[in-house]
file model_2.csv (CSV, C-alpha atoms)
chain,number,residue,atom,x,y,z
A,137,MET,CA,-100.2,-99.4,-9.9
A,138,ARG,CA,-103.1,-98.5,-7.7
A,139,ALA,CA,-100.8,-98.2,-4.7
A,140,VAL,CA,-98.6,-95.8,-6.6
A,141,LEU,CA,-101.6,-93.7,-7.6
A,142,ARG,CA,-102.8,-93.6,-4.0
A,143,ALA,CA,-99.4,-92.5,-2.8
A,144,LEU,CA,-99.3,-89.7,-5.5
A,145,TRP,CA,-102.8,-88.5,-4.4
A,146,ARG,CA,-101.7,-88.5,-0.8
A,147,LEU,CA,-98.6,-86.4,-1.7
A,148,ALA,CA,-100.7,-84.0,-3.8
A,149,ALA,CA,-103.2,-83.6,-0.9
A,150,LEU,CA,-100.4,-83.1,1.6
A,151,PHE,CA,-98.9,-80.4,-0.7
A,152,MET,CA,-102.2,-78.6,-1.1
A,153,LEU,CA,-102.8,-78.7,2.7
A,154,SER,CA,-99.3,-77.3,3.3
A,155,ALA,CA,-99.8,-74.5,0.8
A,156,LEU,CA,-103.2,-73.7,2.4
A,157,ALA,CA,-101.7,-73.6,5.9
A,158,LEU,CA,-99.0,-71.3,4.6
A,159,GLN,CA,-101.5,-68.9,3.2
A,160,LEU,CA,-103.5,-69.0,6.4
A,161,TYR,CA,-100.3,-68.2,8.3
A,162,PHE,CA,-99.8,-65.1,6.1
A,163,VAL,CA,-103.4,-64.0,6.6
A,164,ALA,CA,-103.1,-64.3,10.3
A,165,ARG,CA,-99.8,-62.4,10.4
A,166,ILE,CA,-101.1,-59.6,8.2
A,167,GLY,CA,-104.4,-59.4,10.2
A,168,LEU,CA,-102.4,-58.9,13.4
A,169,MET,CA,-100.4,-56.1,11.7
A,170,ALA,CA,-103.6,-54.1,11.7
A,171,VAL,CA,-103.1,-53.4,15.4
A,172,VAL,CA,-99.5,-54.6,16.2
A,173,ASP,CA,-96.4,-53.1,14.6
A,174,PRO,CA,-94.1,-55.7,13.1
A,175,GLN,CA,-90.8,-56.0,15.0
A,176,SER,CA,-88.8,-57.0,11.9
A,177,THR,CA,-89.1,-58.3,8.4
A,178,THR,CA,-87.6,-61.2,6.5
A,179,PHE,CA,-85.4,-58.9,4.6
A,180,GLN,CA,-84.1,-57.2,7.8
A,181,ARG,CA,-83.3,-60.5,9.4
A,182,SER,CA,-81.5,-61.7,6.3
A,183,GLU,CA,-79.5,-58.5,6.3
A,184,ALA,CA,-78.6,-58.9,9.9
A,185,TRP,CA,-77.4,-62.4,9.3
A,186,ARG,CA,-75.3,-61.2,6.3
A,187,LEU,CA,-73.7,-58.5,8.3
A,188,LEU,CA,-73.0,-60.9,11.2
A,189,VAL,CA,-71.3,-63.3,8.8
A,190,GLU,CA,-69.4,-60.7,6.7
A,191,LYS,CA,-68.5,-58.1,9.4
A,192,ARG,CA,-68.8,-60.1,12.6
A,193,GLN,CA,-71.3,-57.5,13.9
A,194,ILE,CA,-74.9,-56.6,13.4
A,195,LEU,CA,-75.4,-53.0,12.3
A,196,TRP,CA,-79.0,-52.0,13.0
A,197,ALA,CA,-80.6,-48.6,13.3
A,198,GLN,CA,-84.4,-48.5,13.4
A,199,GLN,CA,-87.0,-46.7,15.5
A,200,TRP,CA,-90.7,-47.1,14.8
A,201,VAL,CA,-92.8,-43.9,14.7
A,202,GLY,CA,-96.5,-43.6,14.2
A,203,TYR,CA,-97.9,-42.4,10.9
A,204,GLU,CA,-98.6,-38.9,12.3
A,205,ARG,CA,-94.9,-38.6,13.3
A,206,ILE,CA,-93.7,-39.0,9.7
A,207,SER,CA,-93.5,-35.9,7.6
A,208,PRO,CA,-96.2,-35.5,5.0
A,209,GLN,CA,-93.5,-34.5,2.6
A,210,LEU,CA,-91.8,-37.8,2.9
A,211,LYS,CA,-95.1,-39.6,2.3
A,212,ARG,CA,-95.6,-37.5,-0.9
A,213,ALA,CA,-92.0,-38.0,-2.0
A,214,VAL,CA,-92.0,-41.8,-1.7
A,215,ILE,CA,-95.3,-42.1,-3.4
A,216,ALA,CA,-94.2,-39.7,-6.2
A,217,SER,CA,-91.0,-41.6,-6.7
A,218,GLU,CA,-92.0,-45.3,-6.1
A,219,ASP,CA,-95.7,-45.6,-6.9
A,220,ALA,CA,-97.6,-42.6,-8.2
A,221,GLU,CA,-100.9,-44.6,-8.3
A,222,PHE,CA,-100.6,-46.0,-4.8
A,223,THR,CA,-103.9,-44.7,-3.5
A,224,GLU,CA,-105.8,-45.7,-6.7
A,225,HIS,CA,-104.7,-49.3,-7.5
A,226,GLY,CA,-105.6,-52.5,-5.7
A,227,GLY,CA,-102.0,-53.5,-5.0
A,228,VAL,CA,-100.7,-54.2,-8.5
A,229,ASP,CA,-100.2,-51.4,-11.1
A,230,TRP,CA,-100.7,-53.3,-14.4
A,231,ASP,CA,-99.9,-50.3,-16.5
A,232,ALA,CA,-96.5,-49.9,-14.7
A,233,ILE,CA,-95.7,-53.6,-15.2
A,234,GLU,CA,-96.5,-53.4,-18.9
A,235,LYS,CA,-94.3,-50.3,-19.3
A,236,ALA,CA,-91.5,-51.9,-17.3
A,237,TRP,CA,-91.7,-55.0,-19.5
A,238,GLU,CA,-91.5,-52.9,-22.6
A,239,ARG,CA,-88.4,-51.0,-21.3
A,240,ASN,CA,-86.7,-54.3,-20.3
A,241,GLN,CA,-87.4,-55.7,-23.8
A,242,ARG,CA,-85.8,-52.6,-25.4
A,243,ALA,CA,-82.8,-52.8,-23.0
A,244,GLU,CA,-82.3,-56.5,-23.8
A,245,GLU,CA,-82.4,-55.8,-27.6
A,246,LEU,CA,-79.9,-53.0,-27.2
A,247,ALA,CA,-77.6,-55.2,-25.1
A,248,GLN,CA,-77.8,-58.0,-27.7
A,249,ARG,CA,-76.9,-55.5,-30.6
A,250,LEU,CA,-74.0,-54.1,-28.6
A,251,ASN,CA,-72.7,-57.5,-27.7
A,252,ALA,CA,-72.9,-58.6,-31.4
A,253,GLN,CA,-70.9,-55.5,-32.4
A,254,GLN,CA,-68.4,-56.2,-29.6
A,255,GLU,CA,-68.0,-59.8,-30.8
A,256,ARG,CA,-67.3,-58.7,-34.4
A,257,ARG,CA,-64.7,-56.2,-33.1
A,258,ALA,CA,-63.1,-58.9,-30.9
A,259,ALA,CA,-62.7,-61.2,-33.8
A,260,ARG,CA,-60.5,-58.6,-35.5
A,261,LEU,CA,-58.3,-58.0,-32.4
A,262,PRO,CA,-55.0,-59.9,-31.7
A,263,ALA,CA,-55.6,-63.0,-29.6
A,264,ALA,CA,-53.6,-61.6,-26.6
A,265,LYS,CA,-55.7,-58.4,-26.4
A,266,PRO,CA,-58.3,-58.6,-23.5
A,267,VAL,CA,-61.9,-58.6,-24.6
A,268,PRO,CA,-64.4,-56.5,-22.6
A,269,PRO,CA,-67.1,-58.4,-20.7
A,270,PRO,CA,-70.5,-58.7,-22.5
A,271,ARG,CA,-73.1,-56.1,-21.6
A,272,VAL,CA,-76.0,-57.1,-19.4
A,273,ALA,CA,-79.4,-55.4,-19.8
A,274,LYS,CA,-80.5,-53.5,-16.7
A,275,VAL,CA,-83.8,-54.9,-15.5
A,276,VAL,CA,-86.4,-52.3,-14.5
A,277,GLY,CA,-89.2,-53.3,-12.1
A,278,GLY,CA,-92.8,-52.2,-11.9
A,279,SER,CA,-93.5,-53.1,-8.3
A,280,THR,CA,-95.9,-51.1,-6.2
A,281,ILE,CA,-95.3,-50.0,-2.6
A,282,THR,CA,-97.6,-52.8,-1.5
A,283,GLN,CA,-95.6,-55.4,-3.5
A,284,GLN,CA,-92.3,-54.1,-2.1
A,285,LEU,CA,-93.8,-54.4,1.4
A,286,ALA,CA,-95.0,-58.0,0.7
A,287,LYS,CA,-91.6,-59.0,-0.5
A,288,ASN,CA,-89.7,-57.3,2.4
A,289,LEU,CA,-92.1,-58.7,5.1
A,290,PHE,CA,-92.1,-62.4,4.2
A,291,LEU,CA,-90.1,-63.3,1.1
A,292,GLY,CA,-86.5,-63.7,0.1
A,293,SER,CA,-84.6,-62.1,-2.7
A,294,GLU,CA,-84.6,-65.1,-5.1
A,295,ARG,CA,-86.3,-64.7,-8.5
A,296,SER,CA,-88.8,-67.4,-9.5
A,297,LEU,CA,-92.3,-67.7,-10.8
A,298,VAL,CA,-93.3,-69.4,-7.5
A,299,ARG,CA,-91.9,-66.5,-5.4
A,300,LYS,CA,-93.6,-64.0,-7.7
A,301,GLY,CA,-96.9,-65.8,-7.4
A,302,GLN,CA,-96.6,-65.8,-3.6
A,303,GLU,CA,-95.7,-62.1,-3.7
A,304,PHE,CA,-98.9,-61.4,-5.6
A,305,ALA,CA,-101.0,-63.4,-3.1
A,306,ILE,CA,-99.5,-61.5,-0.1
A,307,THR,CA,-100.0,-58.2,-1.9
A,308,MET,CA,-103.7,-59.0,-2.2
A,309,MET,CA,-103.9,-60.0,1.4
A,310,LEU,CA,-102.2,-56.7,2.5
A,311,GLU,CA,-104.7,-54.7,0.4
A,312,ALA,CA,-107.7,-56.6,1.7
A,313,LEU,CA,-106.8,-56.6,5.4
A,314,LEU,CA,-104.9,-53.2,5.9
A,315,SER,CA,-105.8,-49.7,5.0
A,316,LYS,CA,-103.6,-47.7,2.5
A,317,GLN,CA,-102.4,-45.6,5.4
A,318,ARG,CA,-101.4,-48.6,7.4
A,319,ILE,CA,-99.5,-50.1,4.5
A,320,LEU,CA,-97.6,-46.9,3.9
A,321,GLU,CA,-96.9,-46.6,7.7
A,322,ILE,CA,-95.4,-50.1,7.9
A,323,TYR,CA,-93.4,-49.6,4.6
A,324,LEU,CA,-91.9,-46.3,5.8
A,325,ASN,CA,-90.9,-47.8,9.1
A,326,SER,CA,-89.3,-50.9,7.7
A,327,VAL,CA,-87.8,-50.0,4.3
A,328,GLU,CA,-84.0,-50.0,3.9
A,329,TRP,CA,-82.2,-46.6,3.7
A,330,GLY,CA,-78.6,-47.8,4.0
A,331,GLU,CA,-76.6,-50.8,5.3
A,332,GLY,CA,-78.3,-51.7,8.6
A,333,LEU,CA,-80.4,-48.5,8.4
A,334,PHE,CA,-84.2,-49.1,8.4
A,335,GLY,CA,-87.2,-46.8,8.6
A,336,ALA,CA,-87.9,-43.1,8.2
A,337,GLU,CA,-86.9,-42.1,11.7
A,338,ALA,CA,-83.4,-43.7,11.5
A,339,ALA,CA,-82.9,-42.3,8.0
A,340,ALA,CA,-83.9,-38.8,8.9
A,341,ARG,CA,-81.6,-38.7,11.9
A,342,HIS,CA,-78.7,-40.3,10.1
A,343,TYR,CA,-78.7,-38.2,7.0
A,344,PHE,CA,-80.2,-34.9,8.2
A,345,HIS,CA,-80.0,-35.0,12.0
A,346,VAL,CA,-83.7,-34.3,12.4
A,347,PRO,CA,-86.7,-36.5,13.4
A,348,ALA,CA,-88.8,-37.9,10.5
A,349,GLN,CA,-91.7,-35.5,11.3
A,350,SER,CA,-89.4,-32.5,10.5
A,351,LEU,CA,-88.2,-33.5,7.1
A,352,GLY,CA,-88.6,-30.7,4.5
A,353,THR,CA,-89.4,-31.1,0.8
A,354,MET,CA,-85.9,-31.5,-0.6
A,355,GLN,CA,-84.8,-33.7,2.3
A,356,ALA,CA,-87.8,-36.0,1.8
A,357,ALA,CA,-87.1,-36.1,-2.0
A,358,ARG,CA,-83.5,-37.0,-1.5
A,359,LEU,CA,-84.5,-39.9,0.8
A,360,ALA,CA,-87.0,-41.1,-1.8
A,361,VAL,CA,-84.3,-41.1,-4.5
A,362,MET,CA,-82.2,-43.5,-2.4
A,363,LEU,CA,-84.9,-46.2,-2.1
A,364,PRO,CA,-84.1,-48.2,-5.2
A,365,ALA,CA,-80.4,-48.6,-4.3
A,366,PRO,CA,-79.8,-47.4,-0.7
A,367,LYS,CA,-76.5,-49.2,-0.3
A,368,ARG,CA,-75.1,-47.4,-3.4
A,369,PHE,CA,-76.5,-44.0,-2.7
A,370,GLU,CA,-75.5,-43.9,1.0
A,371,LYS,CA,-71.9,-43.6,-0.1
A,372,ARG,CA,-72.7,-40.4,-2.0
A,373,PRO,CA,-76.0,-39.0,-0.6
A,374,ASN,CA,-75.1,-35.5,-2.0
A,375,SER,CA,-74.1,-36.6,-5.5
A,376,PRO,CA,-75.3,-34.5,-8.5
A,377,TYR,CA,-77.5,-37.4,-9.5
A,378,VAL,CA,-79.3,-37.5,-6.1
A,379,ILE,CA,-79.7,-33.8,-6.0
A,380,GLY,CA,-81.0,-33.6,-9.6
A,381,ARG,CA,-83.4,-36.5,-9.3
A,382,ALA,CA,-84.6,-35.1,-6.0
A,383,GLY,CA,-85.6,-31.9,-7.8
A,384,THR,CA,-87.7,-33.8,-10.2
A,385,ILE,CA,-89.4,-35.7,-7.4
A,386,ALA,CA,-90.0,-32.5,-5.5
A,387,ALA,CA,-91.8,-31.0,-8.6
A,388,ARG,CA,-94.2,-34.0,-8.6
A,389,MET,CA,-94.9,-34.0,-4.9
A,390,GLY,CA,-97.6,-31.2,-5.0
A,391,ALA,CA,-99.9,-33.5,-7.0
A,392,VAL,CA,-99.7,-36.3,-4.4
A,393,ASP,CA,-102.3,-36.6,-1.8
A,394,PRO,CA,-101.1,-39.2,0.9
A,395,PRO,CA,-103.7,-41.5,2.4
call {"tool": "encode", "arguments": {"input": "model_2.csv", "output": "C-alpha coordinates"}}
result
Amino acid sequence: MRAVLRALWRLAALFMLSALALQLYFVARIGLMAVVDPQSTTFQRSEAWRLLVEKRQILWAQQWVGYERISPQLKRAVIASEDAEFTEHGGVDWDAIEKAWERNQRAEELAQRLNAQQERRAARLPAAKPVPPPRVAKVVGGSTITQQLAKNLFLGSERSLVRKGQEFAITMMLEALLSKQRILEIYLNSVEWGEGLFGAEAAARHYFHVPAQSLGTMQAARLAVMLPAPKRFEKRPNSPYVIGRAGTIAARMGAVDPP
(Lines of atoms letter the chains of each structure in order from A and count residues from 1; the text may use other names and numbers.)
(Lines give C-alpha, C1' and ligand atoms only; values in the text may rest on other atoms or scores of the structure.)
Protein backbone atom coordinates (compact mmCIF):
# COMPACT_ATOMS: atom_id res chain seq x y z
CA MET A 1 0.00 0.00 0.00
CA ARG A 2 2.81 2.38 0.91
CA ALA A 3 4.53 1.66 -2.39
CA VAL A 4 1.33 2.58 -4.25
CA LEU A 5 1.00 5.83 -2.28
CA ARG A 6 4.63 6.75 -2.96
CA ALA A 7 4.08 6.11 -6.68
CA LEU A 8 0.98 8.32 -6.65
CA TRP A 9 2.85 11.10 -4.87
CA ARG A 10 5.65 10.90 -7.43
CA LEU A 11 3.14 11.10 -10.27
CA ALA A 12 1.43 14.09 -8.64
CA ALA A 13 4.78 15.83 -8.11
CA LEU A 14 5.79 15.14 -11.71
CA PHE A 15 2.48 16.55 -12.95
CA MET A 16 2.88 19.71 -10.85
CA LEU A 17 6.46 20.22 -12.04
CA SER A 18 5.36 19.76 -15.66
CA ALA A 19 2.55 22.27 -15.21
CA LEU A 20 4.93 24.76 -13.59
CA ALA A 21 7.47 24.30 -16.41
CA LEU A 22 4.74 24.96 -18.97
CA GLN A 23 3.72 28.19 -17.25
CA LEU A 24 7.35 29.33 -17.07
CA TYR A 25 7.65 28.60 -20.80
CA PHE A 26 4.64 30.84 -21.49
CA VAL A 27 6.08 33.57 -19.26
CA ALA A 28 9.41 33.45 -21.10
CA ARG A 29 7.76 33.53 -24.53
CA ILE A 30 5.53 36.45 -23.60
CA GLY A 31 8.39 38.35 -21.98
CA LEU A 32 10.36 37.99 -25.21
CA MET A 33 7.41 39.42 -27.15
CA ALA A 34 7.95 42.74 -25.40
CA VAL A 35 10.91 43.28 -27.74
CA VAL A 36 10.65 40.59 -30.46
CA ASP A 37 7.72 40.30 -32.89
CA PRO A 38 6.24 36.76 -32.92
CA GLN A 39 6.79 35.08 -36.28
CA SER A 40 3.62 32.99 -36.15
CA THR A 41 0.91 31.80 -33.78
CA THR A 42 -0.43 28.37 -32.91
CA PHE A 43 -3.64 29.21 -34.77
CA GLN A 44 -1.75 30.28 -37.89
CA ARG A 45 0.33 27.10 -37.90
CA SER A 46 -2.77 24.94 -37.49
CA GLU A 47 -4.42 26.80 -40.39
CA ALA A 48 -1.33 26.31 -42.55
CA TRP A 49 -1.42 22.58 -41.84
CA ARG A 50 -5.16 22.40 -42.60
CA LEU A 51 -4.71 24.17 -45.92
CA LEU A 52 -1.78 21.91 -46.82
CA VAL A 53 -3.84 18.78 -46.10
CA GLU A 54 -7.07 19.98 -47.74
CA LYS A 55 -5.76 22.00 -50.68
CA ARG A 56 -2.21 20.71 -51.09
CA GLN A 57 -0.88 24.25 -50.76
CA ILE A 58 -0.23 26.79 -48.02
CA LEU A 59 -2.07 30.04 -48.60
CA TRP A 60 -0.41 32.67 -46.44
CA ALA A 61 -0.41 36.46 -46.64
CA GLN A 62 1.03 38.43 -43.73
CA GLN A 63 3.31 41.43 -43.35
CA TRP A 64 4.19 42.76 -39.91
CA VAL A 65 3.97 46.52 -39.52
CA GLY A 66 4.74 48.61 -36.46
CA TYR A 67 2.01 50.12 -34.30
CA GLU A 68 2.51 53.58 -35.77
CA ARG A 69 1.96 52.18 -39.30
CA ILE A 70 -1.53 50.91 -38.48
CA SER A 71 -4.35 53.37 -39.01
CA PRO A 72 -5.76 54.83 -35.76
CA GLN A 73 -9.16 54.27 -37.34
CA LEU A 74 -8.59 50.51 -37.46
CA LYS A 75 -7.49 50.50 -33.81
CA ARG A 76 -10.66 52.39 -32.87
CA ALA A 77 -12.87 50.15 -35.02
CA VAL A 78 -11.50 46.89 -33.62
CA ILE A 79 -11.79 48.08 -30.02
CA ALA A 80 -15.32 49.43 -30.61
CA SER A 81 -16.37 46.14 -32.21
CA GLU A 82 -14.50 43.52 -30.20
CA ASP A 83 -13.71 44.94 -26.76
CA ALA A 84 -15.04 48.38 -25.83
CA GLU A 85 -13.40 48.26 -22.37
CA PHE A 86 -10.00 47.13 -23.69
CA THR A 87 -8.04 49.98 -22.14
CA GLU A 88 -9.87 49.71 -18.79
CA HIS A 89 -10.02 46.02 -17.84
CA GLY A 90 -7.19 43.80 -16.66
CA GLY A 91 -7.58 41.23 -19.42
CA VAL A 92 -11.01 39.79 -18.62
CA ASP A 93 -14.26 41.76 -18.91
CA TRP A 94 -16.45 40.07 -16.31
CA ASP A 95 -19.49 42.18 -17.22
CA ALA A 96 -19.23 41.07 -20.86
CA ILE A 97 -18.90 37.43 -19.79
CA GLU A 98 -22.00 37.71 -17.61
CA LYS A 99 -24.01 39.31 -20.43
CA ALA A 100 -22.82 36.65 -22.89
CA TRP A 101 -23.83 33.89 -20.46
CA GLU A 102 -27.31 35.41 -20.08
CA ARG A 103 -27.70 35.69 -23.88
CA ASN A 104 -26.59 32.08 -24.31
CA GLN A 105 -29.07 30.92 -21.68
CA ARG A 106 -31.93 32.72 -23.44
CA ALA A 107 -30.82 31.29 -26.81
CA GLU A 108 -30.69 27.78 -25.35
CA GLU A 109 -34.18 28.11 -23.85
CA LEU A 110 -35.54 29.40 -27.17
CA ALA A 111 -33.92 26.52 -29.06
CA GLN A 112 -35.44 24.01 -26.63
CA ARG A 113 -38.93 25.52 -27.03
CA LEU A 114 -38.66 25.52 -30.83
CA ASN A 115 -37.39 21.94 -30.85
CA ALA A 116 -40.27 20.84 -28.62
CA GLN A 117 -42.74 22.49 -31.01
CA GLN A 118 -41.01 20.84 -33.96
CA GLU A 119 -41.21 17.41 -32.31
CA ARG A 120 -44.95 17.84 -31.70
CA ARG A 121 -45.48 18.81 -35.35
CA ALA A 122 -43.30 15.90 -36.53
CA ALA A 123 -45.41 13.47 -34.53
CA ARG A 124 -48.43 14.51 -36.61
CA LEU A 125 -46.62 14.19 -39.97
CA PRO A 126 -46.70 11.06 -42.15
CA ALA A 127 -43.79 8.74 -41.42
CA ALA A 128 -42.27 9.22 -44.90
CA LYS A 129 -42.13 12.99 -44.65
CA PRO A 130 -38.64 14.34 -43.77
CA VAL A 131 -38.23 15.98 -40.37
CA PRO A 132 -36.14 19.19 -40.17
CA PRO A 133 -32.97 18.91 -38.07
CA PRO A 134 -33.18 20.24 -34.50
CA ARG A 135 -32.18 23.83 -33.84
CA VAL A 136 -28.89 24.49 -32.08
CA ALA A 137 -28.49 27.58 -29.93
CA LYS A 138 -25.89 30.04 -31.22
CA VAL A 139 -23.19 30.50 -28.58
CA VAL A 140 -22.03 34.09 -28.01
CA GLY A 141 -18.62 34.68 -26.45
CA GLY A 142 -17.46 37.44 -24.12
CA SER A 143 -13.74 37.22 -24.82
CA THR A 144 -11.59 40.34 -24.71
CA ILE A 145 -8.89 41.20 -27.25
CA THR A 146 -6.27 39.95 -24.77
CA GLN A 147 -8.09 36.62 -24.35
CA GLN A 148 -8.39 36.22 -28.12
CA LEU A 149 -4.67 36.90 -28.46
CA ALA A 150 -3.85 34.37 -25.72
CA LYS A 151 -5.86 31.70 -27.53
CA ASN A 152 -4.41 32.48 -30.96
CA LEU A 153 -0.81 32.64 -29.75
CA PHE A 154 -0.60 29.41 -27.80
CA LEU A 155 -3.79 27.34 -27.68
CA GLY A 156 -5.88 25.16 -29.95
CA SER A 157 -9.55 25.49 -30.81
CA GLU A 158 -10.85 22.73 -28.53
CA ARG A 159 -13.31 23.69 -25.79
CA SER A 160 -12.65 22.42 -22.26
CA LEU A 161 -12.32 23.75 -18.73
CA VAL A 162 -8.59 23.00 -18.74
CA ARG A 163 -8.04 24.97 -21.96
CA LYS A 164 -10.18 27.84 -20.66
CA GLY A 165 -8.18 27.90 -17.45
CA GLN A 166 -4.93 28.03 -19.40
CA GLU A 167 -6.34 30.83 -21.56
CA PHE A 168 -7.13 32.80 -18.40
CA ALA A 169 -3.58 32.28 -17.07
CA ILE A 170 -1.96 33.36 -20.34
CA THR A 171 -4.26 36.39 -20.47
CA MET A 172 -3.02 37.49 -17.05
CA MET A 173 0.60 36.99 -18.19
CA LEU A 174 0.03 39.12 -21.30
CA GLU A 175 -1.50 41.92 -19.25
CA ALA A 176 1.31 41.76 -16.66
CA LEU A 177 4.25 41.63 -19.08
CA LEU A 178 3.08 43.67 -22.08
CA SER A 179 1.57 47.13 -22.46
CA LYS A 180 -1.92 47.56 -23.88
CA GLN A 181 -0.34 49.10 -26.97
CA ARG A 182 1.90 46.08 -27.50
CA ILE A 183 -1.01 43.66 -26.99
CA LEU A 184 -3.06 45.51 -29.60
CA GLU A 185 -0.10 45.68 -31.98
CA ILE A 186 0.49 41.92 -31.84
CA TYR A 187 -3.24 41.23 -32.15
CA LEU A 188 -3.69 43.43 -35.22
CA ASN A 189 -0.66 41.90 -36.90
CA SER A 190 -1.66 38.27 -36.33
CA VAL A 191 -5.46 38.06 -36.33
CA GLU A 192 -7.19 36.25 -39.20
CA TRP A 193 -9.01 38.29 -41.87
CA GLY A 194 -9.72 35.50 -44.35
CA GLU A 195 -8.44 32.08 -45.33
CA GLY A 196 -4.66 32.31 -45.11
CA LEU A 197 -4.91 36.09 -44.63
CA PHE A 198 -3.40 37.42 -41.41
CA GLY A 199 -2.76 40.87 -40.02
CA ALA A 200 -3.90 44.41 -40.78
CA GLU A 201 -1.42 45.09 -43.58
CA ALA A 202 -2.36 42.01 -45.61
CA ALA A 203 -6.08 42.64 -45.01
CA ALA A 204 -5.92 46.32 -46.03
CA ARG A 205 -4.08 45.50 -49.25
CA HIS A 206 -6.30 42.51 -50.06
CA TYR A 207 -9.68 44.19 -49.56
CA PHE A 208 -8.93 47.88 -50.26
CA HIS A 209 -5.54 47.92 -52.07
CA VAL A 210 -4.05 50.37 -49.57
CA PRO A 211 -1.52 49.99 -46.72
CA ALA A 212 -2.87 49.56 -43.20
CA GLN A 213 -1.84 53.10 -42.22
CA SER A 214 -4.13 54.56 -44.93
CA LEU A 215 -7.38 52.88 -43.91
CA GLY A 216 -10.29 55.30 -43.54
CA THR A 217 -13.16 55.13 -41.08
CA MET A 218 -15.57 52.96 -43.09
CA GLN A 219 -12.81 50.73 -44.43
CA ALA A 220 -11.57 50.10 -40.88
CA ALA A 221 -15.12 49.49 -39.64
CA ARG A 222 -15.76 46.94 -42.39
CA LEU A 223 -12.60 45.04 -41.45
CA ALA A 224 -13.68 45.05 -37.81
CA VAL A 225 -17.05 43.54 -38.78
CA MET A 226 -15.26 40.58 -40.36
CA LEU A 227 -13.27 39.53 -37.29
CA PRO A 228 -15.79 37.18 -35.65
CA ALA A 229 -16.17 35.09 -38.84
CA PRO A 230 -13.56 36.13 -41.44
CA LYS A 231 -13.88 33.02 -43.61
CA ARG A 232 -17.61 33.64 -44.00
CA PHE A 233 -17.44 37.39 -44.55
CA GLU A 234 -14.56 37.25 -47.03
CA LYS A 235 -16.95 35.63 -49.51
CA ARG A 236 -19.21 38.71 -49.40
CA PRO A 237 -17.17 41.60 -47.97
CA ASN A 238 -19.63 44.13 -49.45
CA SER A 239 -22.82 42.45 -48.23
CA PRO A 240 -25.63 44.60 -46.79
CA TYR A 241 -24.95 43.14 -43.35
CA VAL A 242 -21.25 44.09 -43.43
CA ILE A 243 -22.03 47.61 -44.64
CA GLY A 244 -24.83 48.12 -42.13
CA ARG A 245 -22.85 46.76 -39.19
CA ALA A 246 -19.84 48.85 -40.24
CA GLY A 247 -22.00 51.96 -40.00
CA THR A 248 -22.89 51.07 -36.41
CA ILE A 249 -19.23 50.52 -35.52
CA ALA A 250 -18.19 53.77 -37.22
CA ALA A 251 -20.69 55.66 -35.05
CA ARG A 252 -19.03 54.25 -31.92
CA MET A 253 -15.44 54.87 -32.98
CA GLY A 254 -15.38 58.53 -31.94
CA ALA A 255 -15.69 57.49 -28.28
CA VAL A 256 -12.67 55.16 -28.46
CA ASP A 257 -9.23 56.36 -27.43
CA PRO A 258 -6.63 53.74 -28.55
CA PRO A 259 -3.67 53.06 -26.26
call {"tool": "residues_around", "arguments": {"input": "model_2.csv", "residues": "A:Ala305", "least_positions_apart": "3", "cutoff": "12 Å", "atoms": "only C-alpha atoms", "output": "list of chain:residue names"}}
result
A:Ala155, A:Leu156, A:Leu158, A:Gln159, A:Leu160, A:Phe162, A:Val163, A:Ile166, A:Gly227, A:Val228, A:Thr282, A:Gln283, A:Ala286, A:Lys287, A:Phe290, A:Leu291, A:Val298, A:Arg299, A:Lys300, A:Gly301, A:Gln302, A:Met308, A:Met309, A:Leu310, A:Glu311, A:Ala312
call {"tool": "atom_distance", "arguments": {"input": "model_2.csv", "atom1": "atom CA of A:Gly167", "atom2": "atom CA of A:Asp219"}}
result
23.6 Å
call {"tool": "atom_distance", "arguments": {"input": "model_2.csv", "atom1": "atom CA of A:Gly202", "atom2": "atom CA of A:Ala340"}}
result
14.5 Å
call {"tool": "residues_around", "arguments": {"input": "model_2.csv", "residues": "stretch 223-225 of chain A", "least_positions_apart": "5", "cutoff": "10 Å", "atoms": "all atoms listed in the file", "output": "PDB file with C-alpha atoms, keeping the file's coordinate frame"}}
result
ATOM      1  CA  ILE A 215     -95.300 -42.100  -3.400  1.00  0.00           C
ATOM      2  CA  TRP A 230    -100.700 -53.300 -14.400  1.00  0.00           C
ATOM      3  CA  THR A 280     -95.900 -51.100  -6.200  1.00  0.00           C
ATOM      4  CA  THR A 282     -97.600 -52.800  -1.500  1.00  0.00           C
ATOM      5  CA  GLU A 311    -104.700 -54.700   0.400  1.00  0.00           C
ATOM      6  CA  LYS A 316    -103.600 -47.700   2.500  1.00  0.00           C
ATOM      7  CA  GLN A 317    -102.400 -45.600   5.400  1.00  0.00           C
ATOM      8  CA  LEU A 320     -97.600 -46.900   3.900  1.00  0.00           C
ATOM      9  CA  VAL A 392     -99.700 -36.300  -4.400  1.00  0.00           C
ATOM     10  CA  ASP A 393    -102.300 -36.600  -1.800  1.00  0.00           C
ATOM     11  CA  PRO A 394    -101.100 -39.200   0.900  1.00  0.00           C
ATOM     12  CA  PRO A 395    -103.700 -41.500   2.400  1.00  0.00           C
TER      13      PRO A 395
END
call {"tool": "closest_residue", "arguments": {"input": "model_2.csv", "among": "A:Tyr203, A:Arg192, A:Met137, A:Ser293", "to": "A:Glu337", "atoms": "only C-alpha atoms"}}
result
A:Tyr203
call {"tool": "closest_residue", "arguments": {"input": "model_2.csv", "among": "A:Ala391, A:Ala336, A:Ala149, A:Met362", "to": "A:Ala197", "atoms": "only C-alpha atoms"}}
result
A:Ala336
call {"tool": "residues_around", "arguments": {"input": "model_2.csv", "residues": "A:Arg341", "least_positions_apart": "5", "cutoff": "12 Å", "atoms": "only C-alpha atoms", "output": "PyMOL selection string"}}
result
chain A and resi 197-199+329+333-336+346-351+355+359
call {"tool": "atom_distance", "arguments": {"input": "model_2.csv", "atom1": "atom CA of A:Leu297", "atom2": "atom CA of A:Arg186"}}
result
25.0 Å
call {"tool": "closest_residue", "arguments": {"input": "model_2.csv", "among": "A:Leu150, A:Ala170, A:Ile281, A:Ala164", "to": "A:Ala220", "atoms": "all atoms listed in the file"}}
result
A:Ile281
call {"tool": "closest_residue", "arguments": {"input": "model_2.csv", "among": "A:Arg295, A:Arg138, A:Arg205, A:Lys367", "to": "A:Gly330", "atoms": "all atoms listed in the file"}}
result
A:Lys367
